[in-house]
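Student: My structure is below; once you've seen it, I'll send some questions.
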Amino acid sequence: QVQLVESGGGLVQAGGSLRLSCAASGRSFSSQAMGWFRQAPGKEREFVTSISWSGGSTYYADSVKGRFAISRDNAKNTVYLKMNSLQPEDTAVYYCAADSRYDSSWPGRTPRRSGEFDYWGQGTQVTVSS
């Protein structure tokens, strides 16, 4: 089992920044690809970004590319999402997710579909005011 706890959400003005954290416990964090998703009111949950278990590869949705950055600290069992130049359309509940399928032959794998992730956090609210 993997437990994921997000933190760092809040209210920020447009153009501002936030850094979300996701602390993982349970199974070996360093062997899991990690991702962030978000869900705005009345909308489907959407992919934001993911990072490979090795940390060497990342992938971003077009809507956040160049503004958001995912990183991981395996020593702290934590994945981060730094969000810059936030806009009102970034308002959503942000979820951390873990993909426990480990493939040592594919250190650059970056899962992107929600079905590829087996564990989810409870979410943290990000609200961007105009």
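Following the order of the structure tokens, chains are lettered A, B, ..., residues in each are numbered from 1, and ligands are numbered from 1.
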Mind checking DSSP for chain A and telling me the strand (DSSP E or B) residues as JSON, numbers by chain?
Tutor: {"A": [2, 3, 4, 5, 6, 7, 10, 11, 12, 13, 18, 19, 20, 21, 22, 23, 24, 25, 26, 33, 34, 35, 36, 37, 38, 39, 46, 47, 48, 49, 50, 51, 58, 59, 60, 68, 69, 70, 71, 72, 73, 78, 79, 80, 81, 82, 83, 92, 93, 94, 95, 96, 97, 98, 99, 119, 120, 124, 125, 126, 127, 128, 129]}
Student: Using the selection just defined, write its residues with C-alpha atoms as a short mmCIF file (atom, residue, chain, number, x, y, z; two decimals), in the first residue's frame.
Tutor:
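Dumped everything to part.cif:
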```cif
data_model
loop_
_atom_site.label_atom_id
_atom_site.label_comp_id
_atom_site.auth_asym_id
_atom_site.auth_seq_id
_atom_site.Cartn_x
_atom_site.Cartn_y
_atom_site.Cartn_z
CA VAL A 2 1.03 3.55 -0.69
CA GLN A 3 -0.27 6.60 1.13
CA LEU A 4 -0.02 9.99 -0.50
CA VAL A 5 -0.60 13.29 1.26
CA GLU A 6 -0.63 16.57 -0.66
CA SER A 7 0.02 19.97 0.84
CA GLY A 10 -4.12 27.81 -1.23
CA LEU A 11 -5.36 31.08 -2.65
CA VAL A 12 -3.06 33.09 -4.90
CA GLN A 13 -3.47 36.03 -7.24
CA LEU A 18 2.72 28.03 -5.43
CA ARG A 19 4.61 24.86 -4.67
CA LEU A 20 2.68 21.71 -3.95
CA SER A 21 4.22 18.78 -2.10
CA CYS A 22 3.19 15.16 -2.00
CA ALA A 23 4.62 13.00 0.77
CA ALA A 24 4.56 9.28 0.11
CA SER A 25 4.73 6.41 2.56
CA GLY A 26 4.45 2.67 2.21
CA ALA A 33 6.63 7.03 -11.31
CA MET A 34 4.65 9.93 -9.92
CA GLY A 35 2.14 12.31 -11.40
CA TRP A 36 -0.11 15.27 -10.74
CA PHE A 37 -3.67 15.62 -11.95
CA ARG A 38 -6.25 18.31 -11.37
CA GLN A 39 -10.00 18.62 -11.40
CA GLU A 46 -7.09 15.99 -16.22
CA PHE A 47 -3.42 15.10 -16.41
CA VAL A 48 -0.96 17.83 -15.46
CA THR A 49 2.49 16.27 -15.34
CA SER A 50 4.45 13.15 -14.47
CA ILE A 51 7.99 12.17 -13.58
CA THR A 58 9.21 14.45 -17.17
CA TYR A 59 6.13 15.13 -19.24
CA TYR A 60 3.71 18.04 -19.15
CA PHE A 68 4.87 24.23 -14.04
CA ALA A 69 7.77 22.02 -12.98
CA ILE A 70 7.65 18.60 -11.36
CA SER A 71 10.53 17.25 -9.30
CA ARG A 72 11.17 14.53 -6.78
CA ASP A 73 13.37 14.01 -3.74
CA THR A 78 8.34 13.55 -1.77
CA VAL A 79 7.32 14.84 -5.17
CA TYR A 80 6.84 18.54 -5.83
CA LEU A 81 4.89 20.66 -8.27
CA LYS A 82 6.16 24.21 -8.67
CA MET A 83 3.53 26.35 -10.34
CA ALA A 92 -8.74 23.13 -9.31
CA VAL A 93 -8.19 20.42 -6.77
CA TYR A 94 -4.75 19.00 -7.44
CA TYR A 95 -4.11 15.31 -6.88
CA CYS A 96 -0.87 13.44 -6.50
CA ALA A 97 -0.72 9.91 -7.91
CA ALA A 98 1.71 6.99 -7.89
CA ASP A 99 2.29 4.28 -10.46
CA TYR A 119 -2.59 5.23 -5.71
CA TRP A 120 -4.04 8.68 -5.21
CA THR A 124 -5.31 19.97 -2.28
CA GLN A 125 -7.27 23.02 -3.42
CA VAL A 126 -5.59 25.67 -5.54
CA THR A 127 -7.56 28.83 -6.18
CA VAL A 128 -6.26 31.58 -8.44
CA SER A 129 -8.02 34.92 -8.26
#
```
Student: Would you please work out which residue, of A:Ser100, A:Ser28, A:Thr110, A:Ser105, is nearest to Gly56 (chain A) when using only C-alpha atoms?
Tutor: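 Nearest to Gly56 (chain A): A:Thr110.
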Student: Report the distance between CA of Arg113 (chain A) and CA of Ala75 (chain A) in Å, rounded to one decimal place.
Tutor: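 Computing the Euclidean distance for CA of Arg113 (chain A) and CA of Ala75 (chain A) yields 26.5 Å.
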Student: So the first atom is CA of Leu86 (chain A) and the second is CA of Ser30 (chain A); what is the distance between them in Å, to one decimal place?
Tutor: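 Interatomic distance here is 29.3 Å.
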Student: Nearest to Asp103 (chain A): which of A:Gly66, A:Phe117, A:Pro41, A:Gln32 is it, counting only C-alpha atoms?
Tutor: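 Counting only C-alpha atoms, the residue closest to Asp103 (chain A) is A:Gln32.
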Student: List every residue of region 8-128 of chain A that DSSP, applied to the backbone of this structure, places in helix (DSSP H, G or I), and write the result as a ChimeraX atom specification.
Tutor: /A:29-31,88-90,114-116
Student: Output N, CA and C atoms for every residue in that selection, as a PDB file, in the first residue's frame.
Tutor:
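Below you can see again-v9.pdb, which holds the result:
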```
ATOM      1  N   PHE A  29       9.324   4.368  -2.644  1.00  0.00           N
ATOM      2  CA  PHE A  29       9.004   5.552  -3.430  1.00  0.00           C
ATOM      3  C   PHE A  29       9.893   5.653  -4.660  1.00  0.00           C
ATOM      4  N   SER A  30      11.145   5.306  -4.522  1.00  0.00           N
ATOM      5  CA  SER A  30      12.093   5.509  -5.606  1.00  0.00           C
ATOM      6  C   SER A  30      11.830   4.618  -6.817  1.00  0.00           C
ATOM      7  N   SER A  31      10.978   3.629  -6.691  1.00  0.00           N
ATOM      8  CA  SER A  31      10.663   2.753  -7.817  1.00  0.00           C
ATOM      9  C   SER A  31       9.325   3.113  -8.474  1.00  0.00           C
ATOM     10  N   PRO A  88      -6.378  32.083 -13.490  1.00  0.00           N
ATOM     11  CA  PRO A  88      -7.645  31.598 -12.924  1.00  0.00           C
ATOM     12  C   PRO A  88      -8.052  30.215 -13.442  1.00  0.00           C
ATOM     13  N   GLU A  89      -7.687  29.912 -14.686  1.00  0.00           N
ATOM     14  CA  GLU A  89      -8.058  28.601 -15.236  1.00  0.00           C
ATOM     15  C   GLU A  89      -7.262  27.458 -14.620  1.00  0.00           C
ATOM     16  N   ASP A  90      -6.264  27.770 -13.804  1.00  0.00           N
ATOM     17  CA  ASP A  90      -5.528  26.737 -13.075  1.00  0.00           C
ATOM     18  C   ASP A  90      -6.232  26.352 -11.781  1.00  0.00           C
ATOM     19  N   SER A 114      -4.839   8.392 -16.272  1.00  0.00           N
ATOM     20  CA  SER A 114      -5.204   8.155 -14.872  1.00  0.00           C
ATOM     21  C   SER A 114      -5.233   6.669 -14.544  1.00  0.00           C
ATOM     22  N   GLY A 115      -5.577   5.840 -15.544  1.00  0.00           N
ATOM     23  CA  GLY A 115      -5.635   4.405 -15.319  1.00  0.00           C
ATOM     24  C   GLY A 115      -4.289   3.756 -15.072  1.00  0.00           C
ATOM     25  N   GLU A 116      -3.209   4.482 -15.352  1.00  0.00           N
ATOM     26  CA  GLU A 116      -1.874   3.942 -15.129  1.00  0.00           C
ATOM     27  C   GLU A 116      -1.411   4.120 -13.688  1.00  0.00           C
TER      28      GLU A 116
END
```
Student: Have a look at CA of Asp118 (chain A) and CA of Ser63 (chain A) and let me know their distance in Å, one decimal.
Tutor: 24.2 Å
